[in-house]
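Worksheet for the structure shown next.
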Amino acid sequence: MMARVFQAAGMAFLFVPINTAAYAFLPREKNNAASGLMNLARNIGGSVGISVVTTMLDRRTQVHLTDLSSNLSSSNPVLQARIQALGRLMHGSGPGGAPPSAWAMIQGVVQRQATMLSYIDCFWFLGVAILCMVPMVFLIKKSKPGGGMAVH
């Protein structure tokens with residue numbers, strides 16, 4: 001919930017300045033066209049951003065799954081001890097002395113960890129991308145004080 005509160009609070013600091021900068025130097029008769037372009041850019045940008053992050057999540061999950069799975073071998077004593085402990089908890093045995101559900105639990109844990117690591121990677125990527133865009137704020141043309149706001 002707190003992440004959503006921070007996100008919603010940050011929206012005011014994003015959309016108001018962007019709209020103010022977009023409309024500040026436009027004549028009033030071009031406001032409708034500018035509004036259409038702003039909405040188009042927002043929709044395309046959002047769609048491309050979602051696609052990039054979704055693709056990055058999938059690919060980074062695969063990378064982390066491969067890295068984490070490299071430690072899952074029959075010669076790993078920690079893994080064997082965990083499988084045996086899960087087998088005792090489940091009161092059953094399968095082909096390797098442990099029930100298949102013990103192996104499924106290990107697979108689920110590895111999958112969740114790989115997914116979490118990929119989310120962390122995406123947050124870092126988005127954070128660095130935002131930091132790289134901060135200097136662009138200083139390139140925005142300043143409006144004259146006391147002038148009317150031509151927002152839509």
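All residue names refer to the structure tokens as shown: chains lettered A, B, ... in order, residues numbered from 1 in each chain, ligands numbered from 1 in order.
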
Among chain A, which ones does DSSP place in alpha helix (DSSP H), written as a PyMOL selection string? chain A and resi 2-23+31-69+77-90+100-133

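Summary of the local environment: counting only C-alpha atoms, residues at most 12 Å from Val63 of chain A, other than itself and those fewer than 6 positions away along its chain, are Met56, Leu57, Ser69, Ser70, Gln111, Gln113, Ala114, Thr115, Leu117, Ser118 and Asp121 of chain A.
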
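Closest approach to Met38 of chain A among A:Thr55, A:Ser143, A:Thr20, A:Thr61 is made by A:Thr20 (distances from only C-alpha atoms).
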
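Pairwise distance (atom CA of Tyr23 of chain A, atom CA of Ile50 of chain A) equals 26.5 Å.
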
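Distances to Asn71 of chain A were evaluated for A:Val110, A:Ala34, A:Val53, A:Leu131 using only C-alpha atoms, and the minimum falls at A:Val110.
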
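Atom CA of Cys122 of chain A sits 9.8 Å away from atom CA of Val52 of chain A.
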